[in-house]
There are 2 protein chains.
Amino acid sequence: MATKQKRNVIVGQSGGPTAAINSSLAGVFRTAIDRGYNKVYGMIHGIQGLLEERYIDLSEHIQNGLDIELLKRTPSAYLGSCRYKLPEIFEDKALYEKLFAILDKLEIDCFIYIGGNDSMDTIKKLSDYGIVTGSHIRFVGCPKTIDNDLALTDHTPGYGSAAKYIGTSVKEVIRDAYCIEPKGGLVLIIEIMGRNAGWLTGAAALAAGEDCSGPDLIYLPELPFDVDTYVAKVRDLLTKKRIVITCVSEGIHTADGTFISELDSGAGYVDAFGHKQLTGTARYLCNLISSECGCKTRAIEFSTLQRAASHFASRVDILESFEVGGAAMKAADEGESGMMAVINRTSDDPYQSDAGIRDVHKIANDERVVPREWINEEGDYVTKEFISYLKPLIQGDVQPIMVDGIPRHLYKPGFEHML
Amino acid sequence: MATKQKRNVIVGQSGGPTAAINSSLAGVFRTAIDRGYNKVYGMIHGIQGLLEERYIDLSEHIQNGLDIELLKRTPSAYLGSCRYKLPEIFEDKALYEKLFAILDKLEIDCFIYIGGNDSMDTIKKLSDYGIVTGSHIRFVGCPKTIDNDLALTDHTPGYGSAAKYIGTSVKEVIRDAYCIEPKGGLVLIIEIMGRNAGWLTGAAALAAGEDCSGPDLIYLPELPFDVDTYVAKVRDLLTKKRIVITCVSEGIHTADGTFISELDSGAGYVDAFGHKQLTGTARYLCNLISSECGCKTRAIEFSTLQRAASHFASRVDILESFEVGGAAMKAADEGESGMMAVINRTSDDPYQSDAGIRDVHKIANDERVVPREWINEEGDYVTKEFISYLKPLIQGDVQPIMVDGIPRHLYKPGFEHML
């Protein structure tokens, strides 16, 4: 292949969006152009869209350096995303045949997929199928997830920006809560994303510093959550301070695996339409605390704000995301397949990293959680080691490109599926 | 007084906090020092704290120019806030006597109170009592509220920053929502503060522009909300597009005055502890839409994030807040009492403003809402005139002072009531 004329590249985005996934897309695009590929196609809504032959020519969307900068600052998945798990090859060979026929028609040499665990599973299956059928197409994955739960990479693109937003927002709402003196106390409970891994919830500890005492309690989903112990701790804290701040993962659960948010349903929590409703984890705990301790409570869910807040992204994250997109494209160009680009931390302090590649067969479907020793013995806070790991990833700012007081995102007329 | 030695100033903060109220505090402090006052005291938790003789010497907290800049960028009320309405003078004369005795002991010449309607009521009563008793103390108010509902001022300090955050966050979560293709559609409902006035909810329209279609429907509390009409509109929109974005004020209500969030209680919405719970407005509407239209829904509450997000404040807002704090102090120094500093808009485009003062008797307890003609005929969006009014107030950035990846706020050791 090396001596042949380079043909085309196709890139897709998959899974939950982040503030950094488009920076990786920009990295793939620029590296593909720099390395002499003809066209760079973008799958609309990932592999699901590709199966319906929905794609665009990215050169029509990224026309100059300013477009690259706008794309780096555009949250969500520019190409649209999907949640689609490929069947095993033996289960539906026809689907693979259809997919490869589409790729051949588009004269694809390199297939880059930006996403999390499911996306790496896609890369693994496609590269396996390619090997079996003697395809020349190279399949390389580019990691992405705010959850930071992918194996073999030091951290995932998207995590740093979400963590920075969470640390800052927790600090701001703590300051907000402390300005009043509620009679009987106030318990503020903040619910943070990450159902199985506590990397994001732990980032709430970033709020603590010389000018803020930070959260009082932080609960990660890695350890079972004991409701009675929690109530006792809050009751005790309320005798010492008038405001108690708790940060919880949406995925905290009891020792038997029941999500806290599911505890409500047993009690007949039925809405006006006669449907059982799951309340949020924070809201459930607020109801509980207000009932048990008789104090005021306030539940805050950061919801999709935490993964979409590109207006306050981490510079380290956005630049690494760009770099790792480029590394995935470079690996595919150099003949690698069935691989995922990763970030290696080469120095802690001063922080340095570089991009590498690892075999996707060792990554797919393997969920990395916060190590037990990075959670304190009581199970209600993260340790200094956790913070030392995280701090370098939130450094520096990426100024939004402001137009008339609001951040500008990349958008090209005719691309209505994203508006 | 003019020839006498200037003595001391006392300043307090009251009501709901904002991202800009501390910039006004900084403006009061610097102007008081510039004009030769001896000490500037700060009431801890407003007039409620003052009645318990809780105050600080602000010079110990604001020691240099950097402290001023940090204070301008610190959200919430630096001095602590309260919600305390003074009784009428004839109802509790002893309380007024006590308060004035404290002020005399502290050798106060000027009393500045930064807050909303209730705070201006405080200024009115204190200045009335001062006139009746021949006190030399000048009482001047400084406006503050994200709700923008104070009369006689073009807008209120704090509104611009909250509006900028809301417009930007709505744009980001819209982009986030559009990246998927949900079967049967997705209805995203965002709940925004402002129980009686729709100034903040209308700011959601800032999301719309060349790169974002913005919300589909915006409902302000100024008009009655008809649930059936809303469901019909959403059902119709879902036939045309796969994602429908609605922004609602927390205070929308039916024609008979029932808050939408109260509709649930009639249906026996009882939590696990046997208590009737008010669900949020957005959550109620999500349950309704999911029940009626069979589509996915997502409720987002911006909660206190919208009033605390100093990491993305408006430069116009922070500078005007500083200026209006200074104007209140200047007015008091020049002998005015029973007045409130205001912002006058002197030019629309290019935007220009200056600070003035108005009689607080004409302001107190008068709530300004969005004029009917700035809401469209259908009652489900704001007009261009609304946007033209708002746009100048969100311009420009105030870069946070970043320390180790997180915005630094002003804090002095020993000031634990704010940590």
# chains A, B, ... in the order shown; residues from 1 in each chain; ligands from 1
>>> residues_around(residues="Phe29 (chain B)", least_positions_apart="4", cutoff="7 Å", atoms="only C-alpha atoms", output="PyMOL selection string")
chain B and resi 25+33+40
>>> write_last_selection(atoms="C-alpha atoms", output="PDB file, in the first residue's frame")
ATOM      1  CA  LEU B  25     -19.391  45.533  47.171  1.00  0.00           C
ATOM      2  CA  ILE B  33     -11.799  54.756  50.595  1.00  0.00           C
ATOM      3  CA  VAL B  40     -15.707  50.535  55.856  1.00  0.00           C
TER       4      VAL B  40
END
>>> closest_atom_pairs(of="chain B", to="chain A", cutoff="7 Å", atoms="only C-alpha atoms", output="JSON lines")
{"residue": "B:Pro17", "atom": "CA", "partner": "A:Asp176", "partner_atom": "CA", "distance": 6.6}
{"residue": "B:Pro75", "atom": "CA", "partner": "A:Glu172", "partner_atom": "CA", "distance": 6.6}
{"residue": "B:Ser76", "atom": "CA", "partner": "A:Asp176", "partner_atom": "CA", "distance": 4.7}
{"residue": "B:Ala77", "atom": "CA", "partner": "A:Cys179", "partner_atom": "CA", "distance": 5.7}
{"residue": "B:Gly80", "atom": "CA", "partner": "A:Cys179", "partner_atom": "CA", "distance": 4.3}
{"residue": "B:Ser81", "atom": "CA", "partner": "A:Cys179", "partner_atom": "CA", "distance": 5.4}
{"residue": "B:Cys82", "atom": "CA", "partner": "A:Ile180", "partner_atom": "CA", "distance": 6.0}
{"residue": "B:Thr168", "atom": "CA", "partner": "A:Ile406", "partner_atom": "CA", "distance": 6.0}
{"residue": "B:Ser169", "atom": "CA", "partner": "A:Leu305", "partner_atom": "CA", "distance": 6.9}
{"residue": "B:Glu172", "atom": "CA", "partner": "A:Ala308", "partner_atom": "CA", "distance": 5.5}
{"residue": "B:Val173", "atom": "CA", "partner": "A:Ala308", "partner_atom": "CA", "distance": 6.2}
{"residue": "B:Arg175", "atom": "CA", "partner": "A:Ser76", "partner_atom": "CA", "distance": 5.9}
{"residue": "B:Asp176", "atom": "CA", "partner": "A:Ser76", "partner_atom": "CA", "distance": 4.7}
{"residue": "B:Tyr178", "atom": "CA", "partner": "A:Met418", "partner_atom": "CA", "distance": 5.5}
{"residue": "B:Cys179", "atom": "CA", "partner": "A:Gly80", "partner_atom": "CA", "distance": 4.3}
{"residue": "B:Ile180", "atom": "CA", "partner": "A:Ser81", "partner_atom": "CA", "distance": 5.4}
{"residue": "B:Asp211", "atom": "CA", "partner": "A:Tyr411", "partner_atom": "CA", "distance": 5.2}
{"residue": "B:Cys212", "atom": "CA", "partner": "A:Leu419", "partner_atom": "CA", "distance": 5.5}
{"residue": "B:Ser213", "atom": "CA", "partner": "A:Leu419", "partner_atom": "CA", "distance": 5.6}
{"residue": "B:Asp264", "atom": "CA", "partner": "A:Ala272", "partner_atom": "CA", "distance": 5.4}
{"residue": "B:Ala267", "atom": "CA", "partner": "A:Ala272", "partner_atom": "CA", "distance": 4.6}
{"residue": "B:Tyr269", "atom": "CA", "partner": "A:Asp271", "partner_atom": "CA", "distance": 5.3}
{"residue": "B:Val270", "atom": "CA", "partner": "A:Tyr269", "partner_atom": "CA", "distance": 5.8}
{"residue": "B:Asp271", "atom": "CA", "partner": "A:Tyr269", "partner_atom": "CA", "distance": 5.4}
{"residue": "B:Ala272", "atom": "CA", "partner": "A:Ala267", "partner_atom": "CA", "distance": 4.6}
{"residue": "B:Ile300", "atom": "CA", "partner": "A:Ser303", "partner_atom": "CA", "distance": 6.6}
{"residue": "B:Ser303", "atom": "CA", "partner": "A:Ile300", "partner_atom": "CA", "distance": 6.6}
{"residue": "B:Thr304", "atom": "CA", "partner": "A:Val173", "partner_atom": "CA", "distance": 6.4}
{"residue": "B:Leu305", "atom": "CA", "partner": "A:Val173", "partner_atom": "CA", "distance": 6.2}
{"residue": "B:Ala308", "atom": "CA", "partner": "A:Glu172", "partner_atom": "CA", "distance": 5.5}
{"residue": "B:Ala309", "atom": "CA", "partner": "A:Glu172", "partner_atom": "CA", "distance": 6.4}
{"residue": "B:Ile394", "atom": "CA", "partner": "A:Gly405", "partner_atom": "CA", "distance": 5.5}
{"residue": "B:Gln395", "atom": "CA", "partner": "A:Gly405", "partner_atom": "CA", "distance": 4.5}
{"residue": "B:Gly396", "atom": "CA", "partner": "A:Gly405", "partner_atom": "CA", "distance": 6.2}
{"residue": "B:Asp404", "atom": "CA", "partner": "A:Gln395", "partner_atom": "CA", "distance": 6.6}
{"residue": "B:Gly405", "atom": "CA", "partner": "A:Gln395", "partner_atom": "CA", "distance": 4.5}
{"residue": "B:Ile406", "atom": "CA", "partner": "A:Thr168", "partner_atom": "CA", "distance": 6.0}
{"residue": "B:Pro407", "atom": "CA", "partner": "A:Thr168", "partner_atom": "CA", "distance": 6.8}
{"residue": "B:His409", "atom": "CA", "partner": "A:Asp211", "partner_atom": "CA", "distance": 6.2}
{"residue": "B:Leu410", "atom": "CA", "partner": "A:Asp211", "partner_atom": "CA", "distance": 6.8}
{"residue": "B:Tyr411", "atom": "CA", "partner": "A:Asp211", "partner_atom": "CA", "distance": 5.2}
{"residue": "B:Met418", "atom": "CA", "partner": "A:Tyr178", "partner_atom": "CA", "distance": 5.6}
{"residue": "B:Leu419", "atom": "CA", "partner": "A:Cys212", "partner_atom": "CA", "distance": 5.6}
>>> residues_around(residues="Arg195 (chain B)", least_positions_apart="6", cutoff="8 Å", atoms="only C-alpha atoms", output="count of residues only")
5
>>> select_by_dssp(residues="region 360-413 of chain A", states="helix (DSSP H, G or I)", output="PyMOL selection string")
chain A and resi 360-362+372-374+384-394
>>> residues_around(residues="Ala328 (chain A)", least_positions_apart="6", cutoff="12 Å", atoms="only C-alpha atoms", output="PDB file with C-alpha atoms, in the first residue's frame")
ATOM      1  CA  VAL A   9     -10.517   8.127   5.028  1.00  0.00           C
ATOM      2  CA  VAL A  11     -14.290   8.900  10.511  1.00  0.00           C
ATOM      3  CA  SER A  24     -10.302  14.626  18.139  1.00  0.00           C
ATOM      4  CA  LEU A  25     -12.341  14.837  14.934  1.00  0.00           C
ATOM      5  CA  ALA A  26     -10.365  17.954  13.986  1.00  0.00           C
ATOM      6  CA  GLY A  27      -7.134  16.066  14.730  1.00  0.00           C
ATOM      7  CA  VAL A  28      -8.137  13.147  12.498  1.00  0.00           C
ATOM      8  CA  PHE A  29      -9.148  15.488   9.682  1.00  0.00           C
ATOM      9  CA  ARG A  30      -6.020  17.614   9.716  1.00  0.00           C
ATOM     10  CA  THR A  31      -3.656  14.666   9.949  1.00  0.00           C
ATOM     11  CA  ALA A  32      -5.466  12.879   7.088  1.00  0.00           C
ATOM     12  CA  CYS A 110      -8.544   4.123   6.834  1.00  0.00           C
ATOM     13  CA  PHE A 111     -11.532   3.865   9.163  1.00  0.00           C
ATOM     14  CA  ILE A 112     -11.272   5.899  12.399  1.00  0.00           C
ATOM     15  CA  TYR A 113     -13.880   5.577  15.128  1.00  0.00           C
ATOM     16  CA  ILE A 114     -13.948   7.978  18.069  1.00  0.00           C
ATOM     17  CA  ILE A 123     -13.018  -1.445  15.869  1.00  0.00           C
ATOM     18  CA  ARG A 138      -7.066  -0.208   8.494  1.00  0.00           C
ATOM     19  CA  PHE A 139      -9.374   0.215  11.513  1.00  0.00           C
ATOM     20  CA  VAL A 140      -8.134   2.382  14.367  1.00  0.00           C
ATOM     21  CA  GLY A 141     -10.000   3.674  17.429  1.00  0.00           C
ATOM     22  CA  CYS A 142      -9.672   7.028  19.158  1.00  0.00           C
ATOM     23  CA  PRO A 143     -10.703   7.076  22.827  1.00  0.00           C
ATOM     24  CA  SER A 321      -7.860  15.207  22.229  1.00  0.00           C
ATOM     25  CA  PHE A 322      -6.642  16.842  19.027  1.00  0.00           C
ATOM     26  CA  GLU A 334       1.300   3.702   8.822  1.00  0.00           C
ATOM     27  CA  GLY A 335      -0.540   0.408   8.401  1.00  0.00           C
ATOM     28  CA  GLU A 336      -1.785  -0.341  11.912  1.00  0.00           C
ATOM     29  CA  SER A 337      -5.207  -1.918  12.346  1.00  0.00           C
ATOM     30  CA  GLY A 338      -7.178  -3.190  15.323  1.00  0.00           C
ATOM     31  CA  MET A 339      -5.473  -0.579  17.478  1.00  0.00           C
ATOM     32  CA  MET A 340      -6.554   2.320  19.687  1.00  0.00           C
ATOM     33  CA  ALA A 341      -4.617   5.530  20.175  1.00  0.00           C
ATOM     34  CA  VAL A 342      -3.848   6.163  23.848  1.00  0.00           C
ATOM     35  CA  ILE A 343      -2.395   8.894  26.042  1.00  0.00           C
ATOM     36  CA  ALA A 355       0.256   9.667  22.290  1.00  0.00           C
ATOM     37  CA  GLY A 356       0.793   5.982  21.665  1.00  0.00           C
ATOM     38  CA  ILE A 357      -1.164   3.051  20.295  1.00  0.00           C
ATOM     39  CA  ARG A 358      -2.329  -0.164  21.937  1.00  0.00           C
ATOM     40  CA  VAL A 360      -7.755  -2.780  20.849  1.00  0.00           C
TER      41      VAL A 360
END
>>> select_by_dssp(residues="region 135-329 of chain B", states="strand (DSSP E or B)", output="ChimeraX atom specification")
/B:138-143,150,186-192,209,212,217-219,243-249,253,259,270,276,296-301,314
>>> write_last_selection(atoms="N, CA and C atoms", output="compact mmCIF listing (two decimals), in the first residue's frame")
# COMPACT_ATOMS: atom_id res chain seq x y z
N ARG B 138 -26.83 58.70 56.18
CA ARG B 138 -27.43 58.62 54.85
C ARG B 138 -27.63 57.15 54.49
N PHE B 139 -28.80 56.79 53.99
CA PHE B 139 -29.13 55.41 53.61
C PHE B 139 -29.34 55.33 52.10
N VAL B 140 -28.50 54.57 51.44
CA VAL B 140 -28.63 54.46 49.98
C VAL B 140 -28.58 52.98 49.58
N GLY B 141 -29.45 52.62 48.64
CA GLY B 141 -29.51 51.24 48.15
C GLY B 141 -28.74 51.06 46.87
N CYS B 142 -28.29 49.83 46.66
CA CYS B 142 -27.61 49.47 45.42
C CYS B 142 -28.33 48.25 44.86
N PRO B 143 -28.84 48.32 43.64
CA PRO B 143 -29.69 47.23 43.15
C PRO B 143 -28.89 45.96 42.86
N LEU B 150 -36.47 44.86 39.23
CA LEU B 150 -36.57 46.13 39.97
C LEU B 150 -37.00 47.27 39.04
N LEU B 186 -37.26 13.09 21.09
CA LEU B 186 -36.80 13.49 22.43
C LEU B 186 -37.30 14.89 22.71
N VAL B 187 -37.89 15.07 23.86
CA VAL B 187 -38.30 16.41 24.29
C VAL B 187 -37.43 16.80 25.49
N LEU B 188 -36.68 17.88 25.30
CA LEU B 188 -35.80 18.39 26.35
C LEU B 188 -36.47 19.61 26.97
N ILE B 189 -36.65 19.59 28.28
CA ILE B 189 -37.31 20.72 28.96
C ILE B 189 -36.36 21.30 30.00
N ILE B 190 -36.06 22.56 29.84
CA ILE B 190 -35.09 23.24 30.70
C ILE B 190 -35.83 24.23 31.60
N GLU B 191 -35.59 24.11 32.90
CA GLU B 191 -36.28 24.97 33.87
C GLU B 191 -35.34 26.07 34.33
N ILE B 192 -35.83 27.30 34.29
CA ILE B 192 -34.99 28.47 34.55
C ILE B 192 -35.62 29.31 35.66
N GLY B 209 -29.07 31.34 16.86
CA GLY B 209 -28.20 32.17 16.04
C GLY B 209 -27.82 31.44 14.77
N CYS B 212 -27.11 27.71 15.63
CA CYS B 212 -28.00 26.95 16.52
C CYS B 212 -29.42 27.44 16.34
N LEU B 217 -39.67 26.38 22.00
CA LEU B 217 -40.73 27.04 22.76
C LEU B 217 -40.14 27.64 24.03
N ILE B 218 -40.55 28.86 24.36
CA ILE B 218 -40.10 29.52 25.59
C ILE B 218 -41.33 30.06 26.32
N TYR B 219 -41.48 29.64 27.57
CA TYR B 219 -42.68 30.06 28.32
C TYR B 219 -42.30 30.89 29.53
N ILE B 243 -36.22 16.33 17.69
CA ILE B 243 -35.88 16.86 19.01
C ILE B 243 -36.67 18.15 19.22
N VAL B 244 -37.32 18.26 20.34
CA VAL B 244 -38.07 19.49 20.66
C VAL B 244 -37.51 20.05 21.97
N ILE B 245 -37.11 21.32 21.90
CA ILE B 245 -36.50 21.98 23.06
C ILE B 245 -37.47 22.99 23.64
N THR B 246 -37.79 22.86 24.91
CA THR B 246 -38.66 23.82 25.60
C THR B 246 -37.92 24.43 26.78
N CYS B 247 -38.03 25.72 26.94
CA CYS B 247 -37.49 26.39 28.13
C CYS B 247 -38.66 27.00 28.90
N VAL B 248 -38.72 26.72 30.19
CA VAL B 248 -39.83 27.23 31.00
C VAL B 248 -39.31 27.93 32.25
N SER B 249 -40.02 28.95 32.66
CA SER B 249 -39.76 29.56 33.96
C SER B 249 -40.26 28.62 35.05
N HIS B 253 -47.64 29.05 35.38
CA HIS B 253 -48.84 28.66 36.13
C HIS B 253 -50.06 28.67 35.21
N PHE B 259 -49.40 26.95 40.19
CA PHE B 259 -48.10 26.67 39.58
C PHE B 259 -48.13 25.28 38.94
N VAL B 270 -46.45 10.91 46.31
CA VAL B 270 -45.96 10.72 47.67
C VAL B 270 -44.63 9.98 47.63
N LYS B 276 -45.89 14.27 50.71
CA LYS B 276 -46.18 14.81 49.39
C LYS B 276 -45.00 15.65 48.92
N LYS B 296 -39.17 10.00 24.39
CA LYS B 296 -38.21 10.21 25.48
C LYS B 296 -38.25 11.66 25.94
N THR B 297 -37.93 11.89 27.19
CA THR B 297 -37.87 13.26 27.69
C THR B 297 -36.63 13.41 28.57
N ARG B 298 -36.20 14.65 28.73
CA ARG B 298 -35.09 14.94 29.65
C ARG B 298 -35.35 16.28 30.30
N ALA B 299 -35.36 16.30 31.63
CA ALA B 299 -35.57 17.55 32.38
C ALA B 299 -34.22 18.05 32.88
N ILE B 300 -33.96 19.32 32.66
CA ILE B 300 -32.73 19.94 33.18
C ILE B 300 -33.12 21.16 33.99
N GLU B 301 -32.64 21.21 35.24
CA GLU B 301 -32.83 22.41 36.06
C GLU B 301 -31.49 23.09 36.20
N SER B 314 -20.56 38.22 32.58
CA SER B 314 -20.56 39.25 31.53
C SER B 314 -19.71 40.43 32.00
>>> closest_residue(among="B:Leu66, B:Ala205, B:Ile260, B:Leu200", to="Phe225 (chain B)", atoms="only C-alpha atoms")
B:Ile260
>>> residues_around(residues="Glu222 (chain B)", least_positions_apart="6", cutoff="9 Å", atoms="only C-alpha atoms", output="count of residues only")
9
>>> closest_residue(among="A:Trp199, A:Tyr84, A:Tyr230, A:Tyr129", to="Tyr96 (chain A)", atoms="only C-alpha atoms")
A:Tyr129
>>> atom_distance(atom1="CA of Lys362 (chain A)", atom2="CA of Asn117 (chain A)")
11.2 Å
>>> closest_residue(among="A:Val382, A:Leu106, A:Ile89, A:Ile289", to="Lys233 (chain A)", atoms="only C-alpha atoms")
A:Ile289
